$ cat upload-v1.cif   # mmCIF, C-alpha atoms
data_my_file
#
loop_
_atom_site.label_atom_id
_atom_site.label_comp_id
_atom_site.auth_asym_id
_atom_site.auth_seq_id
_atom_site.Cartn_x
_atom_site.Cartn_y
_atom_site.Cartn_z
CA MET A 16 0.00 0.00 0.00
CA GLU A 17 2.96 2.33 0.55
CA ASP A 18 3.98 1.94 -3.10
CA LEU A 19 0.41 2.66 -4.18
CA LYS A 20 0.39 5.87 -2.12
CA LYS A 21 3.61 7.01 -3.79
CA GLN A 22 2.19 6.21 -7.23
CA ILE A 23 -0.99 8.17 -6.50
CA ILE A 24 0.98 11.18 -5.24
CA GLU A 25 3.10 11.16 -8.38
CA GLN A 26 0.26 10.50 -10.85
CA LEU A 27 -2.02 13.13 -9.32
CA ASN A 28 0.78 15.62 -8.66
CA LEU A 29 -0.15 15.94 -4.99
CA GLN A 30 2.89 18.04 -4.10
CA GLU A 31 1.77 18.96 -0.60
CA VAL A 32 0.85 15.39 0.39
CA THR A 33 3.22 12.74 1.77
CA PRO A 34 2.60 8.96 1.83
CA GLU A 35 2.69 9.11 5.64
CA SER A 36 -0.18 11.61 5.68
CA ILE A 37 -2.55 9.25 3.82
CA SER A 38 -4.14 6.61 6.01
CA ASN A 39 -5.11 3.31 4.45
CA ASP A 40 -8.80 3.71 5.18
CA GLN A 41 -9.48 7.42 4.72
CA PRO A 42 -11.78 8.28 1.79
CA LEU A 43 -9.85 9.43 -1.27
CA PHE A 44 -12.62 11.75 -2.46
CA LYS A 45 -14.62 14.58 -0.95
CA GLU A 46 -13.96 15.02 2.75
CA GLY A 47 -10.97 12.67 2.73
CA LEU A 48 -8.04 13.39 0.45
CA GLY A 49 -10.25 15.76 -1.54
CA LEU A 50 -9.76 14.23 -4.97
CA ASP A 51 -12.07 15.29 -7.83
CA SER A 52 -13.51 13.78 -11.01
CA ILE A 53 -10.36 14.42 -13.07
CA ASP A 54 -8.35 12.66 -10.37
CA ALA A 55 -10.71 9.68 -10.75
CA LEU A 56 -9.78 9.49 -14.43
CA GLU A 57 -6.11 9.71 -13.52
CA LEU A 58 -6.54 6.81 -11.07
CA ILE A 59 -8.01 4.73 -13.91
CA VAL A 60 -4.95 5.65 -16.02
CA LEU A 61 -2.69 4.67 -13.09
CA LEU A 62 -4.27 1.20 -12.91
CA GLN A 63 -3.71 0.74 -16.63
CA GLN A 64 -0.14 2.04 -16.67
CA HIS A 65 1.21 0.45 -13.52
CA TYR A 66 -0.86 -2.73 -13.21
CA ASN A 67 -2.32 -3.33 -16.69
CA ILE A 68 -5.76 -3.41 -15.14
CA ARG A 69 -8.83 -2.07 -16.92
CA ILE A 70 -12.05 -1.48 -15.04
CA ALA A 71 -14.71 -3.44 -16.90
CA ASN A 72 -17.66 -2.06 -14.98
CA PRO A 73 -17.50 1.72 -14.37
CA GLU A 74 -20.17 1.39 -11.67
CA GLN A 75 -17.55 -0.33 -9.54
CA GLY A 76 -15.51 2.90 -9.49
CA PRO A 77 -16.76 4.41 -6.21
CA GLU A 78 -16.20 1.09 -4.43
CA ILE A 79 -12.72 0.49 -5.91
CA PHE A 80 -11.49 4.03 -5.37
CA TYR A 81 -12.98 4.54 -1.92
CA SER A 82 -9.63 4.28 -0.11
CA ILE A 83 -6.05 3.09 -0.46
CA ARG A 84 -7.06 -0.22 1.08
CA SER A 85 -9.98 -0.79 -1.32
CA MET A 86 -7.74 0.03 -4.29
CA ALA A 87 -5.00 -2.30 -3.05
CA GLU A 88 -7.50 -5.11 -2.50
CA PHE A 89 -8.90 -4.64 -6.01
CA ILE A 90 -5.40 -4.71 -7.54
CA THR A 91 -4.48 -7.85 -5.58
CA ALA A 92 -7.73 -9.58 -6.61
CA GLN A 93 -7.17 -8.73 -10.28
CA GLN A 94 -3.55 -9.94 -10.18
CA THR A 95 -4.57 -13.16 -8.45
CA ALA A 96 -7.28 -13.78 -11.04
CA LYS A 97 -4.77 -13.31 -13.88
CA ALA A 98 -2.14 -15.61 -12.32
CA MET B 16 -13.66 53.38 -27.19
CA ASN B 17 -12.06 54.69 -24.03
CA SER B 18 -14.02 55.73 -21.01
CA ALA B 19 -13.19 58.14 -18.23
CA GLU B 20 -15.87 56.40 -16.18
CA ALA B 21 -13.73 53.34 -15.57
CA TYR B 22 -10.37 53.18 -13.83
CA ILE B 23 -7.25 51.06 -13.58
CA THR B 24 -6.82 50.51 -9.85
CA GLY B 25 -4.03 47.95 -9.73
CA SER B 26 -1.50 46.01 -11.78
CA CYS B 27 0.60 42.88 -11.48
CA ILE B 28 3.34 42.27 -14.03
CA ILE B 29 5.26 38.99 -14.20
CA ARG B 30 8.25 38.77 -16.52
CA HIS B 31 11.99 37.92 -16.38
CA ASN B 32 11.58 35.89 -13.13
CA SER B 33 10.24 39.03 -11.43
CA ILE B 34 6.90 40.10 -9.99
CA TYR B 35 5.86 43.75 -9.93
CA LEU B 36 2.80 44.94 -8.01
CA ASN B 37 1.56 48.40 -8.93
CA GLY B 38 4.91 49.12 -10.57
CA GLU B 39 7.02 48.13 -7.58
CA LEU B 40 9.25 45.05 -7.60
CA ARG B 41 7.82 42.57 -5.10
CA TRP B 42 10.09 39.62 -5.79
CA LYS B 43 12.82 38.46 -8.14
CA ALA B 44 14.10 34.91 -8.14
CA GLU B 45 17.82 34.31 -7.83
CA GLY B 46 19.57 32.80 -10.84
CA THR B 47 17.67 31.48 -13.85
CA PRO B 48 15.25 28.81 -12.61
CA GLU B 49 13.05 26.76 -14.94
CA LEU B 50 9.54 28.14 -15.21
CA GLN B 51 7.89 25.40 -13.13
CA GLU B 52 10.56 25.76 -10.46
CA TRP B 53 10.06 29.53 -10.41
CA LEU B 54 6.28 29.15 -10.22
CA ARG B 55 6.57 26.82 -7.24
CA ALA B 56 8.87 29.26 -5.44
CA ALA B 57 6.50 32.16 -6.16
CA TYR B 58 3.52 30.11 -4.93
CA ASP B 59 5.34 29.27 -1.70
CA ARG B 60 6.21 32.93 -1.21
CA PHE B 61 2.86 34.55 -1.99
CA SER B 62 0.20 31.94 -1.33
CA GLY B 63 0.45 28.31 -0.24
CA GLN B 64 -2.47 26.32 1.14
CA TYR B 65 -4.02 25.78 -2.30
CA PRO B 66 -2.89 22.32 -3.45
CA LYS B 67 -4.89 22.56 -6.70
CA PHE B 68 -2.24 25.04 -7.87
CA HIS B 69 0.17 22.18 -8.53
CA LYS B 70 -2.26 20.51 -10.94
CA MET B 71 -2.66 23.57 -13.13
CA ASP B 72 -0.76 24.02 -16.37
CA ALA B 73 1.76 26.85 -16.69
CA LEU B 74 -0.84 29.24 -18.13
CA GLY B 75 -3.20 28.53 -15.24
CA LYS B 76 -0.44 28.96 -12.67
CA LEU B 77 0.77 32.26 -14.13
CA GLY B 78 -2.70 33.83 -14.28
CA TRP B 79 -3.72 32.45 -10.90
CA LEU B 80 -0.52 33.71 -9.27
CA ALA B 81 -0.90 37.21 -10.73
CA ALA B 82 -4.52 37.39 -9.53
CA GLU B 83 -3.49 36.09 -6.12
CA ILE B 84 -0.93 38.86 -5.69
CA LEU B 85 -3.04 41.60 -7.27
CA LEU B 86 -6.12 40.83 -5.18
CA GLN B 87 -4.42 40.16 -1.84
CA ASP B 88 -6.41 42.08 0.78
CA ASN B 89 -8.34 43.84 -2.00
CA PRO B 90 -11.98 44.84 -1.27
CA VAL B 91 -12.93 43.68 -4.78
CA LYS B 92 -13.19 40.22 -3.26
CA THR B 93 -16.13 41.42 -1.16
CA LEU B 94 -18.18 42.49 -4.19
CA PRO B 95 -21.11 40.30 -5.26
CA PRO B 96 -19.79 37.37 -7.35
CA GLU B 97 -21.68 38.52 -10.45
CA ALA B 98 -20.10 42.00 -10.21
CA VAL B 99 -16.56 40.86 -11.03
CA GLY B 100 -15.67 39.85 -14.59
CA MET B 101 -12.56 39.11 -16.58
CA VAL B 102 -11.16 39.87 -20.03
CA LEU B 103 -7.84 38.20 -20.82
CA ALA B 104 -5.79 37.63 -23.95
CA ASN B 105 -2.64 35.95 -25.16
CA ARG B 106 -0.78 34.99 -28.32
CA SER B 107 -0.29 31.24 -27.96
CA SER B 108 -3.70 30.18 -26.68
CA SER B 109 -3.20 26.87 -24.81
CA LEU B 110 -0.54 25.61 -27.24
CA ASP B 111 2.01 25.05 -24.46
CA THR B 112 -0.30 22.44 -22.91
CA ASP B 113 -1.68 21.23 -26.25
CA PHE B 114 1.83 20.01 -27.16
CA ARG B 115 2.24 18.27 -23.82
CA TYR B 116 -1.15 16.62 -24.15
CA TYR B 117 -0.42 15.52 -27.72
CA ALA B 118 2.75 13.83 -26.47
CA THR B 119 0.64 11.64 -24.14
CA VAL B 120 -1.81 10.59 -26.86
CA LYS B 121 0.50 7.92 -28.27
CA ASP B 122 0.42 6.15 -24.90
CA ILE B 123 -2.56 6.84 -22.61
CA PRO B 124 -3.97 10.38 -22.99
CA SER B 125 -3.74 12.34 -19.77
CA PRO B 126 -7.12 13.58 -18.48
CA ALA B 127 -5.32 16.06 -16.22
CA LEU B 128 -3.60 17.67 -19.21
CA PHE B 129 -6.66 17.48 -21.44
CA VAL B 130 -8.69 19.75 -19.18
CA TYR B 131 -6.16 22.54 -19.77
CA THR B 132 -6.27 22.40 -23.57
CA LEU B 133 -8.32 25.60 -23.72
CA PRO B 134 -6.85 29.03 -22.88
CA ASN B 135 -9.88 30.26 -20.96
CA ILE B 136 -9.36 27.63 -18.26
CA VAL B 137 -7.00 30.08 -16.56
CA MET B 138 -10.01 32.34 -16.01
CA GLY B 139 -11.91 29.43 -14.49
CA GLU B 140 -9.09 28.82 -12.03
CA ILE B 141 -9.11 32.48 -10.97
CA CYS B 142 -12.90 32.49 -10.68
CA ILE B 143 -12.90 29.33 -8.56
CA ARG B 144 -10.26 30.77 -6.25
CA HIS B 145 -12.01 34.12 -5.72
CA GLY B 146 -15.64 33.17 -6.29
CA PHE B 147 -16.11 35.45 -9.31
CA LYS B 148 -19.14 34.74 -11.50
CA GLY B 149 -19.23 37.80 -13.78
CA GLU B 150 -18.93 37.84 -17.54
CA ASN B 151 -15.60 36.73 -18.95
CA THR B 152 -13.95 36.59 -22.36
CA PHE B 153 -10.61 35.35 -23.65
CA PHE B 154 -9.06 36.78 -26.84
CA VAL B 155 -6.18 35.34 -28.85
CA THR B 156 -4.21 38.17 -30.48
CA ASP B 157 -0.68 38.65 -31.84
CA ALA B 158 0.32 41.08 -29.12
CA PHE B 159 -1.16 42.86 -26.11
CA ASP B 160 -3.75 45.05 -27.82
CA VAL B 161 -4.19 48.01 -25.48
CA GLU B 162 -7.04 49.44 -27.53
CA LEU B 163 -9.09 46.25 -27.28
CA MET B 164 -8.09 45.48 -23.71
CA SER B 165 -9.08 48.91 -22.48
CA ALA B 166 -12.20 49.44 -24.59
CA TYR B 167 -13.82 46.07 -23.93
CA PRO B 168 -13.58 46.13 -20.11
CA ALA B 169 -14.60 49.81 -20.13
CA GLN B 170 -17.69 48.91 -22.09
CA LEU B 171 -18.50 46.06 -19.70
CA LEU B 172 -18.06 48.34 -16.69
CA THR B 173 -20.26 51.08 -18.13
CA THR B 174 -23.02 48.98 -19.71
CA THR B 175 -23.35 45.86 -17.55
CA PRO B 176 -23.70 45.14 -13.81
CA LEU B 177 -19.95 44.55 -13.52
CA GLN B 178 -18.25 46.74 -10.91
CA ALA B 179 -14.77 45.34 -11.42
CA CYS B 180 -13.02 43.54 -14.23
CA LEU B 181 -9.64 41.84 -14.34
CA THR B 182 -8.07 42.48 -17.70
CA GLY B 183 -4.73 41.68 -19.24
CA TRP B 184 -2.26 39.44 -20.95
CA VAL B 185 -1.30 35.91 -19.85
CA GLU B 186 1.14 34.32 -22.29
CA VAL B 187 3.32 31.22 -22.10
CA LEU B 188 4.96 28.95 -24.64
CA ASP B 189 8.05 26.79 -24.14
CA ASN B 190 9.07 28.47 -20.89
CA GLN B 191 8.77 31.96 -22.41
CA TYR B 192 6.14 33.83 -20.45
CA GLU B 193 4.69 37.21 -19.66
CA VAL B 194 1.77 38.28 -17.50
CA ALA B 195 0.30 41.78 -17.27
CA LEU B 196 -2.86 41.70 -15.19
CA PHE B 197 -4.82 44.84 -14.37
CA LEU B 198 -7.69 45.48 -12.02
CA THR B 199 -10.21 47.84 -13.56
CA GLU B 200 -13.13 49.27 -11.64
CA TRP B 201 -16.22 51.36 -12.10
CA THR B 202 -15.21 53.66 -9.24
CA PRO B 203 -11.68 54.90 -8.55
CA ALA B 204 -9.87 53.32 -5.61
CA GLY B 205 -6.39 54.17 -4.37
CA PRO B 206 -3.96 55.56 -6.97
CA ALA B 207 -6.39 55.04 -9.86
CA LEU B 208 -5.78 55.97 -13.50
CA PRO B 209 -8.52 56.42 -16.09
CA LEU B 210 -8.93 53.23 -18.11
CA THR B 211 -7.48 54.36 -21.43
CA ALA B 212 -5.30 52.63 -23.99
CA ALA B 213 -2.47 55.08 -23.29
CA ASN B 214 -2.52 54.40 -19.54
CA LEU B 215 -2.71 50.66 -20.09
CA ALA B 216 0.23 50.83 -22.51
CA ALA B 217 2.29 52.89 -20.06
CA LEU B 218 1.71 50.39 -17.25
CA TYR B 219 2.40 47.43 -19.55
CA ASP B 220 5.66 48.94 -20.82
CA LYS B 221 6.95 49.79 -17.35
CA ASN B 222 9.57 47.39 -15.92
CA LYS B 223 10.21 45.81 -19.35
#

$ encode --input "upload-v1.cif" --output "structure tokens"
Amino acid sequence: MEDLKKQIIEQLNLQEVTPESISNDQPLFKEGLGLDSIDALELIVLLQQHYNIRIANPEQGPEIFYSIRSMAEFITAQQTAKA
Amino acid sequence: MNSAEAYITGSCIIRHNSIYLNGELRWKAEGTPELQEWLRAAYDRFSGQYPKFHKMDALGKLGWLAAEILLQDNPVKTLPPEAVGMVLANRSSSLDTDFRYYATVKDIPSPALFVYTLPNIVMGEICIRHGFKGENTFFVTDAFDVELMSAYPAQLLTTTPLQACLTGWVEVLDNQYEVALFLTEWTPAGPALPLTAANLAALYDKNK
């Protein structure tokens, strides 16, 4: 999850955020890290670029991108399914 | 058209790694930093606490920074949102970001760059920051046209509900940049000058 935090900070250009300041379970959007709709698109790009994962069902987005932990669990599940 | 019923009440010029507020040098960076490096240093010095700044393209950052400095502690920010408008212009439109976006298209197009492939987005960033909701227009012209950029805001100030209008030049391409942002108002405030092409030209040419 620490690597994922670093990737998100780099991809979203969050220059005033450190990996240590993001907790695994805090919401990424709205009252949490404060990400917006463009950031959501960048997270989709991140999954494609770093993990070769495409989100088949866009309705899953809010669930997948809820927190660092939910993203990490989704990535792990996708990688396990491919193996 | 020039109008003696509208006034230039402030200016912020950014060029040659320097920032001038109302004709006075406020800050000059040491050495010859890259534009993004210089913008970050200027942000840290004059603002901070606005993380969205880092996501903007260079055009957005330059215009936002000039507005931030020009409007610091300015009562214009207390006007009704619909009473503050904006008329900006530049030569290169959003080409600086268009090239960067085009470079990503061969891989995965960047949504974060795509949203800046219009020059008027810089006005949106300024409006979001300060809550302005008045009329705004962005022109693309070869050079800073003082006739147009004085007449158009003057007309807005005298014929519409606008009480203040940010007007000026926000240009960037390949690390070459220049910002000349002026606050124009319906009523004179502080050391105000009548909003005429000659006065706008004199302020623009100062500190060149």

$ residues_around --input "upload-v1.cif" --residues "B:Lys67" --least-positions-apart "2" --cutoff "12 Å" --atoms "all atoms listed in the file" --output "MDAnalysis selection string"
(chainID A and resid 27:32 49:51 53:54) or (chainID B and resid 58 62:65 69:72 75:76 79 127 140:141 143:144)

$ resolve_selection --input "upload-v1.cif" --expression "the PyMOL selection byres ((chain A and resi 60-77) around 9)" --output "PyMOL selection string"
(chain A and resi 22-23+26+55-59+78-81+90+93-94) or (chain B and resi 123-126)

$ residues_around --input "upload-v1.cif" --residues "B:Met164" --least-positions-apart "2" --cutoff "9 Å" --atoms "only C-alpha atoms" --output "list of chain:residue names"
B:Val102, B:Leu103, B:Ala104, B:Phe159, B:Asp160, B:Val161, B:Glu162, B:Ala166, B:Tyr167, B:Pro168, B:Ala169, B:Thr182, B:Gly183, B:Trp184, B:Ala212, B:Leu215

$ atom_distance --input "upload-v1.cif" --atom1 "atom CA of B:Pro206" --atom2 "atom CA of B:Ser26"
11.0 Å

$ atom_distance --input "upload-v1.cif" --atom1 "atom CA of B:Glu200" --atom2 "atom CA of B:Ala21"
5.7 Å

$ atom_distance --input "upload-v1.cif" --atom1 "atom CA of B:Val194" --atom2 "atom CA of B:Ile28"
5.5 Å

$ resolve_selection --input "upload-v1.cif" --expression "the PyMOL selection byres ((chain A and resi 39) around 12)" --output "PDB file with C-alpha atoms, keeping the file's coordinate frame"
ATOM      1  CA  MET A  16       0.000   0.000   0.000  1.00  0.00           C
ATOM      2  CA  GLU A  17       2.960   2.330   0.550  1.00  0.00           C
ATOM      3  CA  ASP A  18       3.980   1.940  -3.100  1.00  0.00           C
ATOM      4  CA  LEU A  19       0.410   2.660  -4.180  1.00  0.00           C
ATOM      5  CA  LYS A  20       0.390   5.870  -2.120  1.00  0.00           C
ATOM      6  CA  PRO A  34       2.600   8.960   1.830  1.00  0.00           C
ATOM      7  CA  GLU A  35       2.690   9.110   5.640  1.00  0.00           C
ATOM      8  CA  SER A  36      -0.180  11.610   5.680  1.00  0.00           C
ATOM      9  CA  ILE A  37      -2.550   9.250   3.820  1.00  0.00           C
ATOM     10  CA  SER A  38      -4.140   6.610   6.010  1.00  0.00           C
ATOM     11  CA  ASP A  40      -8.800   3.710   5.180  1.00  0.00           C
ATOM     12  CA  GLN A  41      -9.480   7.420   4.720  1.00  0.00           C
ATOM     13  CA  PRO A  42     -11.780   8.280   1.790  1.00  0.00           C
ATOM     14  CA  LEU A  43      -9.850   9.430  -1.270  1.00  0.00           C
ATOM     15  CA  GLY A  47     -10.970  12.670   2.730  1.00  0.00           C
ATOM     16  CA  LEU A  48      -8.040  13.390   0.450  1.00  0.00           C
ATOM     17  CA  PHE A  80     -11.490   4.030  -5.370  1.00  0.00           C
ATOM     18  CA  TYR A  81     -12.980   4.540  -1.920  1.00  0.00           C
ATOM     19  CA  SER A  82      -9.630   4.280  -0.110  1.00  0.00           C
ATOM     20  CA  ILE A  83      -6.050   3.090  -0.460  1.00  0.00           C
ATOM     21  CA  ARG A  84      -7.060  -0.220   1.080  1.00  0.00           C
ATOM     22  CA  SER A  85      -9.980  -0.790  -1.320  1.00  0.00           C
ATOM     23  CA  MET A  86      -7.740   0.030  -4.290  1.00  0.00           C
ATOM     24  CA  ALA A  87      -5.000  -2.300  -3.050  1.00  0.00           C
ATOM     25  CA  GLU A  88      -7.500  -5.110  -2.500  1.00  0.00           C
TER      26      GLU A  88
END

$ residues_around --input "upload-v1.cif" --residues "B:Asn190" --least-positions-apart "4" --cutoff "9 Å" --atoms "all atoms listed in the file" --output "number ranges by chain"
B: 49-51, 73, 111

$ resolve_selection --input "upload-v1.cif" --expression "the PyMOL selection byres ((chain B and resi 108) around 10)" --output "compact mmCIF listing (two decimals) with C-alpha atoms, in the frame of the given file"
# COMPACT_ATOMS: atom_id res chain seq x y z
CA LEU B 74 -0.84 29.24 -18.13
CA ALA B 104 -5.79 37.63 -23.95
CA ASN B 105 -2.64 35.95 -25.16
CA ARG B 106 -0.78 34.99 -28.32
CA SER B 107 -0.29 31.24 -27.96
CA SER B 109 -3.20 26.87 -24.81
CA LEU B 110 -0.54 25.61 -27.24
CA ASP B 111 2.01 25.05 -24.46
CA THR B 112 -0.30 22.44 -22.91
CA ASP B 113 -1.68 21.23 -26.25
CA THR B 132 -6.27 22.40 -23.57
CA LEU B 133 -8.32 25.60 -23.72
CA PRO B 134 -6.85 29.03 -22.88
CA ASN B 135 -9.88 30.26 -20.96
CA PHE B 153 -10.61 35.35 -23.65
CA PHE B 154 -9.06 36.78 -26.84
CA VAL B 155 -6.18 35.34 -28.85
CA THR B 156 -4.21 38.17 -30.48
CA VAL B 185 -1.30 35.91 -19.85
CA GLU B 186 1.14 34.32 -22.29
CA VAL B 187 3.32 31.22 -22.10
CA LEU B 188 4.96 28.95 -24.64

$ residues_around --input "upload-v1.cif" --residues "B:Ala217" --least-positions-apart "6" --cutoff "12 Å" --atoms "only C-alpha atoms" --output "list in words"
Ile23, Ser26, Gly38, Val161, Ala195, Leu208, Leu210, Thr211 and Lys223 of chain B

$ closest_residue --input "upload-v1.cif" --among "B:Val99, B:Leu80, B:Leu128, B:Ile34" --to "chain A" --atoms "all atoms listed in the file"
B:Leu128

$ build_atoms --input "upload-v1.cif" --residues "stretch 27-55 of chain A" --atoms "N, CA and C atoms" --output "mmCIF file, keeping the file's coordinate frame"
data_model
loop_
_atom_site.group_PDB
_atom_site.id
_atom_site.type_symbol
_atom_site.label_atom_id
_atom_site.label_comp_id
_atom_site.auth_asym_id
_atom_site.auth_seq_id
_atom_site.Cartn_x
_atom_site.Cartn_y
_atom_site.Cartn_z
ATOM 1 N N LEU A 27 -1.073 12.018 -9.521
ATOM 2 C CA LEU A 27 -2.020 13.130 -9.320
ATOM 3 C C LEU A 27 -1.329 14.445 -8.964
ATOM 4 N N ASN A 28 0.003 14.405 -8.943
ATOM 5 C CA ASN A 28 0.780 15.620 -8.660
ATOM 6 C C ASN A 28 0.353 16.267 -7.348
ATOM 7 N N LEU A 29 0.274 15.436 -6.310
ATOM 8 C CA LEU A 29 -0.150 15.940 -4.990
ATOM 9 C C LEU A 29 1.083 16.422 -4.230
ATOM 10 N N GLN A 30 1.582 17.593 -4.608
ATOM 11 C CA GLN A 30 2.890 18.040 -4.100
ATOM 12 C C GLN A 30 2.907 18.361 -2.620
ATOM 13 N N GLU A 31 1.765 18.622 -2.032
ATOM 14 C CA GLU A 31 1.770 18.960 -0.600
ATOM 15 C C GLU A 31 1.292 17.795 0.257
ATOM 16 N N VAL A 32 1.288 16.581 -0.335
ATOM 17 C CA VAL A 32 0.850 15.390 0.390
ATOM 18 C C VAL A 32 2.009 14.406 0.471
ATOM 19 N N THR A 33 2.183 13.769 1.631
ATOM 20 C CA THR A 33 3.220 12.740 1.770
ATOM 21 C C THR A 33 2.530 11.389 1.974
ATOM 22 N N PRO A 34 3.214 10.291 1.625
ATOM 23 C CA PRO A 34 2.600 8.960 1.830
ATOM 24 C C PRO A 34 2.174 8.766 3.287
ATOM 25 N N GLU A 35 2.981 9.284 4.208
ATOM 26 C CA GLU A 35 2.690 9.110 5.640
ATOM 27 C C GLU A 35 1.383 9.810 6.042
ATOM 28 N N SER A 36 1.012 10.847 5.297
ATOM 29 C CA SER A 36 -0.180 11.610 5.680
ATOM 30 C C SER A 36 -1.476 10.970 5.156
ATOM 31 N N ILE A 37 -1.344 9.926 4.333
ATOM 32 C CA ILE A 37 -2.550 9.250 3.820
ATOM 33 C C ILE A 37 -2.749 7.968 4.614
ATOM 34 N N SER A 38 -3.874 7.871 5.303
ATOM 35 C CA SER A 38 -4.140 6.610 6.010
ATOM 36 C C SER A 38 -4.795 5.627 5.048
ATOM 37 N N ASN A 39 -4.632 4.348 5.363
ATOM 38 C CA ASN A 39 -5.110 3.310 4.450
ATOM 39 C C ASN A 39 -6.615 3.335 4.251
ATOM 40 N N ASP A 40 -7.342 3.819 5.230
ATOM 41 C CA ASP A 40 -8.800 3.710 5.180
ATOM 42 C C ASP A 40 -9.525 5.049 4.988
ATOM 43 N N GLN A 41 -8.786 6.144 4.899
ATOM 44 C CA GLN A 41 -9.480 7.420 4.720
ATOM 45 C C GLN A 41 -10.049 7.512 3.305
ATOM 46 N N PRO A 42 -11.217 8.134 3.141
ATOM 47 C CA PRO A 42 -11.780 8.280 1.790
ATOM 48 C C PRO A 42 -10.839 9.090 0.900
ATOM 49 N N LEU A 43 -10.723 8.693 -0.359
ATOM 50 C CA LEU A 43 -9.850 9.430 -1.270
ATOM 51 C C LEU A 43 -10.546 10.683 -1.814
ATOM 52 N N PHE A 44 -11.880 10.635 -1.875
ATOM 53 C CA PHE A 44 -12.620 11.750 -2.460
ATOM 54 C C PHE A 44 -13.331 12.554 -1.377
ATOM 55 N N LYS A 45 -13.841 13.687 -1.813
ATOM 56 C CA LYS A 45 -14.620 14.580 -0.950
ATOM 57 C C LYS A 45 -13.904 14.907 0.357
ATOM 58 N N GLU A 46 -14.482 14.539 1.473
ATOM 59 C CA GLU A 46 -13.960 15.020 2.750
ATOM 60 C C GLU A 46 -12.621 14.385 3.127
ATOM 61 N N GLY A 47 -12.234 13.338 2.406
ATOM 62 C CA GLY A 47 -10.970 12.670 2.730
ATOM 63 C C GLY A 47 -9.791 13.394 2.122
ATOM 64 N N LEU A 48 -9.198 12.783 1.101
ATOM 65 C CA LEU A 48 -8.040 13.390 0.450
ATOM 66 C C LEU A 48 -8.455 14.526 -0.479
ATOM 67 N N GLY A 49 -9.751 14.632 -0.747
ATOM 68 C CA GLY A 49 -10.250 15.760 -1.540
ATOM 69 C C GLY A 49 -10.054 15.631 -3.035
ATOM 70 N N LEU A 50 -9.941 14.408 -3.532
ATOM 71 C CA LEU A 50 -9.760 14.230 -4.970
ATOM 72 C C LEU A 50 -11.051 14.598 -5.712
ATOM 73 N N ASP A 51 -10.901 14.905 -7.028
ATOM 74 C CA ASP A 51 -12.070 15.290 -7.830
ATOM 75 C C ASP A 51 -12.241 14.344 -9.016
ATOM 76 N N SER A 52 -13.163 14.687 -9.912
ATOM 77 C CA SER A 52 -13.510 13.780 -11.010
ATOM 78 C C SER A 52 -12.347 13.554 -11.980
ATOM 79 N N ILE A 53 -11.521 14.597 -12.187
ATOM 80 C CA ILE A 53 -10.360 14.420 -13.070
ATOM 81 C C ILE A 53 -9.361 13.473 -12.408
ATOM 82 N N ASP A 54 -9.234 13.577 -11.088
ATOM 83 C CA ASP A 54 -8.350 12.660 -10.370
ATOM 84 C C ASP A 54 -8.832 11.216 -10.528
ATOM 85 N N ALA A 55 -10.160 11.042 -10.561
ATOM 86 C CA ALA A 55 -10.710 9.680 -10.750
ATOM 87 C C ALA A 55 -10.243 9.113 -12.078
#
